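Structure file input_22.tsv (TSV, C-alpha atoms) is printed below.
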```
chain	number	residue	atom	x	y	z
A	1	MET	CA	0.00	0.00	0.00
A	2	THR	CA	1.38	3.42	-0.95
A	3	GLY	CA	0.12	6.96	-1.19
A	4	HIS	CA	-2.06	9.04	1.13
A	5	ASP	CA	-3.89	6.01	2.57
A	6	ALA	CA	-0.70	4.17	3.59
A	7	PRO	CA	0.12	3.80	7.29
A	8	PRO	CA	3.13	5.68	8.72
A	9	LEU	CA	6.55	4.25	7.93
A	10	ARG	CA	7.63	2.29	11.00
A	11	PHE	CA	10.59	0.02	11.77
A	12	ASP	CA	9.24	-1.85	14.79
A	13	GLY	CA	11.16	-5.07	15.44
A	14	GLN	CA	13.89	-4.18	12.95
A	15	VAL	CA	17.59	-3.64	13.64
A	16	ALA	CA	19.51	-0.86	11.91
A	17	VAL	CA	23.29	-0.43	11.79
A	18	ILE	CA	24.50	3.09	11.05
A	19	THR	CA	28.21	3.70	10.52
A	20	GLY	CA	29.40	7.17	11.44
A	21	GLY	CA	26.19	7.41	13.43
A	22	GLY	CA	27.41	9.58	16.27
A	23	ARG	CA	27.40	12.98	14.60
A	24	GLY	CA	26.08	14.94	11.65
A	25	LEU	CA	24.02	13.01	9.12
A	26	GLY	CA	24.52	9.65	10.84
A	27	ARG	CA	23.16	11.00	14.11
A	28	GLU	CA	20.03	12.25	12.35
A	29	TYR	CA	19.52	8.86	10.68
A	30	ALA	CA	19.93	7.07	14.00
A	31	ARG	CA	17.53	9.36	15.85
A	32	LEU	CA	14.83	9.19	13.18
A	33	LEU	CA	14.92	5.40	12.74
A	34	ALA	CA	14.91	4.89	16.51
A	35	ALA	CA	11.97	7.28	16.90
A	36	ARG	CA	10.10	5.10	14.40
A	37	GLY	CA	10.75	1.89	16.27
A	38	ALA	CA	14.10	0.58	15.03
A	39	ARG	CA	16.73	-0.78	17.39
A	40	VAL	CA	19.91	1.02	16.35
A	41	VAL	CA	23.62	0.25	16.44
A	42	VAL	CA	25.42	3.61	16.49
A	43	ASN	CA	28.87	2.92	15.09
A	44	ASP	CA	31.35	5.80	15.45
A	45	LEU	CA	35.03	6.07	16.35
A	46	GLY	CA	34.62	9.75	17.11
A	47	SER	CA	37.53	10.73	14.89
A	48	SER	CA	38.10	14.17	13.41
A	49	VAL	CA	36.76	15.06	9.97
A	50	THR	CA	40.15	14.08	8.51
A	51	GLY	CA	40.20	10.74	10.35
A	52	THR	CA	42.57	11.55	13.21
A	53	GLY	CA	42.00	10.92	16.90
A	54	SER	CA	39.16	9.12	18.62
A	55	GLU	CA	36.48	10.59	20.86
A	56	GLN	CA	34.71	7.53	22.21
A	57	ALA	CA	31.95	9.56	23.84
A	58	THR	CA	30.55	10.45	20.41
A	59	ALA	CA	28.62	7.21	19.82
A	60	HIS	CA	27.60	6.95	23.48
A	61	THR	CA	26.17	10.49	23.46
A	62	THR	CA	23.86	9.68	20.54
A	63	VAL	CA	22.83	6.41	22.20
A	64	ARG	CA	21.92	8.33	25.37
A	65	GLU	CA	19.82	10.77	23.33
A	66	ILE	CA	17.94	7.89	21.75
A	67	THR	CA	17.34	5.99	24.97
A	68	ALA	CA	16.29	9.16	26.78
A	69	ALA	CA	13.61	9.59	24.11
A	70	GLY	CA	12.38	6.03	24.71
A	71	GLY	CA	14.25	4.29	21.89
A	72	GLU	CA	16.67	1.38	21.85
A	73	ALA	CA	20.31	1.78	20.81
A	74	VAL	CA	23.80	0.52	21.53
A	75	ALA	CA	27.17	2.09	20.77
A	76	ASP	CA	29.83	0.43	18.65
A	77	LEU	CA	33.40	1.73	18.44
A	78	ASN	CA	34.87	-0.62	15.84
A	79	THR	CA	36.62	0.70	12.75
A	80	VAL	CA	35.03	0.01	9.37
A	81	ALA	CA	38.40	0.28	7.64
A	82	THR	CA	39.38	-3.39	8.16
A	83	PRO	CA	37.57	-6.68	7.46
A	84	GLU	CA	37.80	-7.55	11.16
A	85	GLY	CA	36.31	-4.21	12.17
A	86	GLY	CA	33.48	-4.50	9.67
A	87	ARG	CA	32.56	-7.95	10.95
A	88	ALA	CA	32.69	-6.68	14.51
A	89	VAL	CA	30.21	-3.90	13.72
A	90	ILE	CA	27.68	-6.42	12.43
A	91	ASP	CA	28.48	-8.79	15.31
A	92	THR	CA	27.39	-6.03	17.71
A	93	ALA	CA	23.93	-6.03	16.11
A	94	ARG	CA	23.72	-9.81	15.89
A	95	ASP	CA	24.93	-10.40	19.44
A	96	THR	CA	22.59	-7.76	20.86
A	97	TRP	CA	19.41	-8.36	18.86
A	98	GLY	CA	20.04	-11.42	16.68
A	99	ARG	CA	19.59	-9.84	13.26
A	100	VAL	CA	20.34	-6.93	10.89
A	101	ASP	CA	17.57	-5.52	8.71
A	102	ILE	CA	19.05	-2.16	7.72
A	103	LEU	CA	22.60	-1.01	7.04
A	104	ILE	CA	23.42	2.63	6.37
A	105	ASN	CA	27.00	3.09	5.22
A	106	ASN	CA	27.62	6.67	6.29
A	107	ALA	CA	31.11	6.71	7.86
A	108	GLY	CA	33.53	8.99	6.06
A	109	ILE	CA	36.50	11.33	6.21
A	110	VAL	CA	37.93	14.04	3.95
A	111	GLY	CA	41.40	15.15	2.87
A	112	ASP	CA	41.10	17.72	0.09
A	113	ALA	CA	44.15	18.64	-1.98
A	114	PRO	CA	45.02	19.44	-5.60
A	115	PHE	CA	45.46	16.27	-7.63
A	116	ALA	CA	49.20	16.94	-8.03
A	117	GLU	CA	49.52	16.78	-4.22
A	118	THR	CA	47.23	13.77	-3.71
A	119	THR	CA	49.76	11.15	-2.76
A	120	ASP	CA	48.98	7.58	-1.77
A	121	GLU	CA	49.01	8.79	1.85
A	122	ARG	CA	46.10	11.09	1.01
A	123	LEU	CA	44.26	8.52	-1.11
A	124	THR	CA	44.47	5.30	0.91
A	125	PRO	CA	42.71	6.44	4.12
A	126	LEU	CA	39.69	7.66	2.14
A	127	ILE	CA	39.48	4.46	0.10
A	128	ASP	CA	39.80	2.47	3.34
A	129	VAL	CA	36.97	4.28	5.13
A	130	HIS	CA	34.49	5.10	2.36
A	131	LEU	CA	34.79	2.32	-0.20
A	132	LYS	CA	36.46	-0.58	1.59
A	133	GLY	CA	34.66	0.40	4.79
A	134	ALA	CA	31.27	-0.06	3.15
A	135	PHE	CA	32.50	-3.31	1.61
A	136	HIS	CA	33.78	-4.65	4.96
A	137	VAL	CA	30.52	-3.93	6.79
A	138	THR	CA	28.16	-4.91	3.98
A	139	ARG	CA	29.64	-8.37	3.39
A	140	PRO	CA	28.73	-9.83	6.81
A	141	ALA	CA	25.43	-7.92	6.76
A	142	TRP	CA	24.66	-9.37	3.31
A	143	THR	CA	25.19	-12.89	4.68
A	144	LEU	CA	22.73	-12.27	7.51
A	145	MET	CA	20.21	-10.56	5.26
A	146	ARG	CA	20.25	-13.43	2.76
A	147	ARG	CA	19.67	-15.88	5.58
A	148	GLN	CA	16.73	-13.76	6.78
A	149	GLY	CA	15.41	-13.26	3.23
A	150	TYR	CA	15.22	-9.51	3.81
A	151	GLY	CA	17.53	-6.48	3.90
A	152	ARG	CA	17.93	-2.82	3.09
A	153	VAL	CA	21.24	-1.03	2.47
A	154	VAL	CA	21.77	2.68	1.89
A	155	ASN	CA	25.21	3.78	0.68
A	156	THR	CA	26.56	7.32	0.66
A	157	CYS	CA	28.02	8.74	-2.54
A	158	SER	CA	28.71	12.37	-3.48
A	159	ALA	CA	28.31	14.91	-6.25
A	160	ALA	CA	32.06	15.44	-5.86
A	161	GLY	CA	32.55	12.17	-7.71
A	162	LEU	CA	29.39	12.06	-9.81
A	163	LEU	CA	29.92	15.55	-11.22
A	164	GLY	CA	33.52	16.34	-10.30
A	165	ALA	CA	34.88	18.93	-7.87
A	166	PRO	CA	38.36	20.49	-7.65
A	167	ARG	CA	40.73	19.23	-4.95
A	168	MET	CA	38.59	16.13	-4.22
A	169	SER	CA	40.05	13.38	-6.44
A	170	ASN	CA	40.53	11.03	-3.46
A	171	TYR	CA	37.08	11.68	-2.00
A	172	GLY	CA	35.33	11.63	-5.36
A	173	ALA	CA	37.01	8.40	-6.42
A	174	ALA	CA	36.14	6.65	-3.13
A	175	LYS	CA	32.53	7.84	-3.14
A	176	THR	CA	31.90	6.97	-6.78
A	177	GLY	CA	33.21	3.46	-6.20
A	178	LEU	CA	30.19	3.03	-3.94
A	179	ILE	CA	27.90	3.59	-6.91
A	180	GLY	CA	29.40	0.52	-8.58
A	181	LEU	CA	28.95	-1.48	-5.37
A	182	THR	CA	25.34	-0.31	-5.10
A	183	ARG	CA	24.53	-1.29	-8.70
A	184	VAL	CA	26.20	-4.69	-8.46
A	185	LEU	CA	24.51	-5.63	-5.17
A	186	ALA	CA	21.16	-4.64	-6.65
A	187	ALA	CA	21.90	-6.88	-9.64
A	188	GLU	CA	22.96	-9.78	-7.39
A	189	SER	CA	20.00	-9.65	-5.02
A	190	GLY	CA	18.09	-12.32	-6.94
A	191	ASP	CA	14.80	-13.42	-5.46
A	192	PHE	CA	15.28	-12.33	-1.87
A	193	ASP	CA	13.70	-9.10	-0.63
A	194	PHE	CA	16.78	-6.91	-0.78
A	195	LYS	CA	17.05	-3.28	-1.84
A	196	VAL	CA	20.22	-1.19	-2.01
A	197	ASN	CA	20.35	2.46	-3.02
A	198	ALA	CA	22.70	5.41	-2.68
A	199	VAL	CA	22.26	8.99	-1.52
A	200	ALA	CA	24.38	12.02	-2.37
A	201	PRO	CA	23.62	14.31	0.61
A	202	ILE	CA	24.00	18.08	0.63
A	203	ALA	CA	24.05	19.14	4.27
A	204	ALA	CA	25.75	21.52	6.66
A	205	THR	CA	28.15	19.06	8.26
A	206	ARG	CA	31.75	19.10	9.46
A	207	MET	CA	32.79	17.76	6.05
A	208	LEU	CA	31.15	20.60	4.15
A	209	ASP	CA	32.65	23.17	6.54
A	210	TYR	CA	36.08	21.62	6.08
A	211	SER	CA	35.89	21.54	2.28
A	212	LEU	CA	34.58	25.09	2.02
A	213	GLY	CA	37.23	26.34	4.44
A	214	ASN	CA	39.96	24.36	2.70
A	215	ALA	CA	39.02	25.83	-0.68
A	216	ALA	CA	38.84	29.37	0.74
A	217	ALA	CA	42.31	29.04	2.23
A	218	VAL	CA	43.91	28.91	-1.23
A	219	ASP	CA	41.94	31.88	-2.55
A	220	ASP	CA	41.78	35.57	-1.70
A	221	PRO	CA	40.57	35.88	1.94
A	222	ALA	CA	38.41	38.93	1.16
A	223	ALA	CA	36.73	37.14	-1.73
A	224	ALA	CA	36.21	34.09	0.48
A	225	ALA	CA	34.53	36.23	3.14
A	226	GLU	CA	32.27	37.82	0.53
A	227	ALA	CA	31.33	34.40	-0.86
A	228	GLU	CA	30.60	33.18	2.66
A	229	ALA	CA	28.19	36.09	3.22
A	230	VAL	CA	26.38	35.35	-0.03
A	231	MET	CA	26.19	31.60	0.63
A	232	ARG	CA	25.23	31.76	4.31
A	233	PRO	CA	21.42	31.96	3.80
A	234	PHE	CA	21.66	28.88	1.58
A	235	LEU	CA	23.96	27.00	3.94
A	236	ASP	CA	21.65	27.73	6.86
A	237	ARG	CA	18.92	25.75	5.10
A	238	LEU	CA	21.07	22.63	4.72
A	239	ASP	CA	19.90	20.98	7.94
A	240	PRO	CA	21.17	17.36	8.08
A	241	ALA	CA	17.80	16.38	9.58
A	242	LEU	CA	16.21	17.09	6.18
A	243	VAL	CA	18.27	14.31	4.58
A	244	ALA	CA	17.14	11.71	7.10
A	245	PRO	CA	13.55	11.22	5.79
A	246	VAL	CA	14.86	10.12	2.39
A	247	VAL	CA	17.29	7.65	3.95
A	248	ALA	CA	14.49	6.35	6.18
A	249	PHE	CA	12.24	5.71	3.17
A	250	LEU	CA	15.04	3.96	1.25
A	251	ALA	CA	15.60	1.80	4.34
A	252	HIS	CA	11.93	0.84	4.62
A	253	ALA	CA	10.16	-2.31	3.42
A	254	ARG	CA	7.88	-0.19	1.21
A	255	CYS	CA	10.75	1.25	-0.84
A	256	PRO	CA	10.30	-0.05	-4.41
A	257	ALA	CA	13.65	1.10	-5.85
A	258	SER	CA	16.98	-0.69	-5.95
A	259	GLY	CA	20.31	0.27	-7.49
A	260	GLU	CA	19.37	3.94	-7.74
A	261	ILE	CA	21.05	7.21	-6.70
A	262	PHE	CA	19.29	10.13	-5.04
A	263	THR	CA	20.56	13.65	-4.40
A	264	VAL	CA	19.12	15.09	-1.19
A	265	GLY	CA	19.37	18.46	0.53
A	266	ALA	CA	17.30	21.13	2.32
A	267	GLY	CA	14.12	19.08	1.96
A	268	HIS	CA	14.56	18.50	-1.77
A	269	VAL	CA	15.11	15.05	-3.29
A	270	ALA	CA	15.83	14.11	-6.90
A	271	ARG	CA	17.21	11.13	-8.78
A	272	PHE	CA	20.58	10.97	-10.50
A	273	PHE	CA	20.67	8.43	-13.31
A	274	ILE	CA	23.06	7.01	-15.88
A	275	GLY	CA	21.74	7.73	-19.35
A	276	ARG	CA	22.78	6.62	-22.83
A	277	THR	CA	22.39	8.87	-25.87
A	278	ALA	CA	21.09	7.51	-29.15
A	279	GLY	CA	24.59	8.01	-30.53
A	280	TYR	CA	25.91	7.39	-34.03
A	281	HIS	CA	26.61	4.13	-35.88
A	282	ASN	CA	28.80	3.37	-38.89
A	283	PRO	CA	30.02	-0.21	-39.47
A	284	ALA	CA	33.11	1.27	-41.14
A	285	LEU	CA	33.75	3.76	-38.33
A	286	THR	CA	36.89	5.92	-38.52
A	287	ALA	CA	38.38	8.49	-36.17
A	288	GLU	CA	37.33	11.19	-38.62
A	289	ASP	CA	33.75	9.87	-38.48
A	290	VAL	CA	33.82	10.23	-34.73
A	291	GLU	CA	35.01	13.83	-35.08
A	292	ARG	CA	32.35	14.72	-37.66
A	293	HIS	CA	29.51	13.20	-35.64
A	294	PHE	CA	30.78	13.96	-32.14
A	295	GLU	CA	27.94	16.35	-31.31
A	296	GLN	CA	25.44	13.68	-32.36
A	297	VAL	CA	27.24	11.18	-30.14
A	298	ARG	CA	26.98	13.57	-27.19
A	299	ASP	CA	23.46	14.88	-27.85
A	300	PRO	CA	21.25	14.14	-24.79
A	301	GLY	CA	18.06	15.05	-26.63
A	302	SER	CA	17.18	11.39	-27.02
A	303	PHE	CA	18.40	9.04	-24.31
A	304	THR	CA	17.59	5.82	-22.52
A	305	ILE	CA	18.42	4.60	-19.02
A	306	PRO	CA	19.86	1.07	-19.23
A	307	ALA	CA	19.17	-0.96	-16.12
A	308	GLY	CA	22.39	-2.93	-16.58
A	309	PRO	CA	24.92	-4.35	-19.04
A	310	ALA	CA	22.28	-6.58	-20.66
A	311	ASP	CA	20.20	-3.52	-21.55
A	312	GLU	CA	23.30	-1.80	-22.91
A	313	MET	CA	24.08	-4.81	-25.09
A	314	ALA	CA	20.47	-4.90	-26.28
A	315	GLU	CA	20.65	-1.24	-27.27
A	316	LEU	CA	23.90	-1.79	-29.12
A	317	TYR	CA	22.36	-4.77	-30.90
A	318	ALA	CA	19.34	-2.69	-31.92
A	319	ALA	CA	21.57	0.16	-33.15
A	320	ILE	CA	23.83	-1.97	-35.32
A	321	MET	CA	21.16	-4.32	-36.64
A	322	SER	CA	18.59	-1.69	-37.58
```

Show me, as structure tokens, the structure contained in the file I just sent.
Amino acid sequence: MTGHDAPPLRFDGQVAVITGGGRGLGREYARLLAARGARVVVNDLGSSVTGTGSEQATAHTTVREITAAGGEAVADLNTVATPEGGRAVIDTARDTWGRVDILINNAGIVGDAPFAETTDERLTPLIDVHLKGAFHVTRPAWTLMRRQGYGRVVNTCSAAGLLGAPRMSNYGAAKTGLIGLTRVLAAESGDFDFKVNAVAPIAATRMLDYSLGNAAAVDDPAAAAEAEAVMRPFLDRLDPALVAPVVAFLAHARCPASGEIFTVGAGHVARFFIGRTAGYHNPALTAEDVERHFEQVRDPGSFTIPAGPADEMAELYAAIMS
């Protein structure tokens, strides 16, 4: 049942694991799901926005907020950056409540720099936390969900990778890898009731403050201050709590979508999709042909949205056999 006559979206009896759940977006996800009946594992090391240090009170503070409001939650301080840590996060849910219904891969760090300065030392920690972190936590959760015959996963990607942003090659690469993981898990779900989607949040978080401040530091300070004044009314509307309803719906049994990407911010939600233009075909194609017809190749006026490689092959077949 959907639409105006549908009952409220509840998560009674379900267990949700939220990585990076102690602050920012993760905290809002945890609080909302708990308020709607979920039992929540709040995973958070309490590290800085760049991944240094550890403030163990972070996860416990959010758990106390949830329990004070009448919800159920436990803190988890395991790292997602190793296979052992990822398994331990899911073990916390299994050992406490015996199951995992929802996994929200939200943990993340930043480390902006021009590409020329993005060494392996700047790249590896972000890959470890964002991409491998989601992989390490999702694998044991996937096993449990398949055994249960039910599961929902929400991954976190970013416009920095989808659309490109200066100084964020490490972050963009790590986040966009999660789109591939999302699409493949959706394709592999088979007959069991599993949905996995991704969100690209736009919210006033520590990460956004860091990236804006980092970019301003390399520009003219006066210009940065002027830009800040212009942007402030917009930034003030980017409440992380306005991202949480979309994540809650994607985590619910009534969500019909899988393998999709949604951009969310300030109460607005839209879908990103991967489209394919009609393109150009010549069985005797040359480089010069490509040059002459390049605008036709790129023209988005007529496009399709392949659901997967089989659709892409079918479209290629139709183009070359017509």

Open item on the list: So that I can check the surroundings of range 86-102 of chain A, please list as a PyMOL selection string every protein, DNA and RNA residue that reaches within 6 Å of it, counting all atoms listed in the file and ignoring chain neighbours fewer than 6 positions away.
Closed with: chain A and resi 14-16+80+136-137+140+151-153

TODO: Have a look at CA of Lys195 in chain A and CA of Phe272 in chain A and let me know their distance in Å, one decimal.
DONE: 17.0 Å

Each residue of range 21-97 of chain A lying at most 12 Å from range 111-125 of chain A should get a row with its shortest atom-to-atom pair and the distance in Å to one decimal, counting all atoms listed in the file; could you produce that, ordered by chain and increasing number, as a tab-separated table?
```
residue	atom	partner	partner_atom	distance
A:Ser48	CA	A:Gly111	CA	11.1
A:Val49	CA	A:Gly111	CA	8.5
A:Thr50	CA	A:Gly111	CA	5.9
A:Gly51	CA	A:Pro125	CA	8.0
A:Thr52	CA	A:Pro125	CA	10.4
A:Val80	CA	A:Pro125	CA	11.3
A:Ala81	CA	A:Pro125	CA	8.3
A:Thr82	CA	A:Pro125	CA	11.1
```

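As for CA of Tyr317 in chain A and CA of Asp289 in chain A, they are spaced 20.0 Å apart.
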
Open item on the list: Could you tell me how far CA of Leu77 in chain A sits from CA of Gly26 in chain A, in Å to one decimal place?
Closed with: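 Between CA of Gly26 in chain A and CA of Leu77 in chain A the gap is 14.1 Å.
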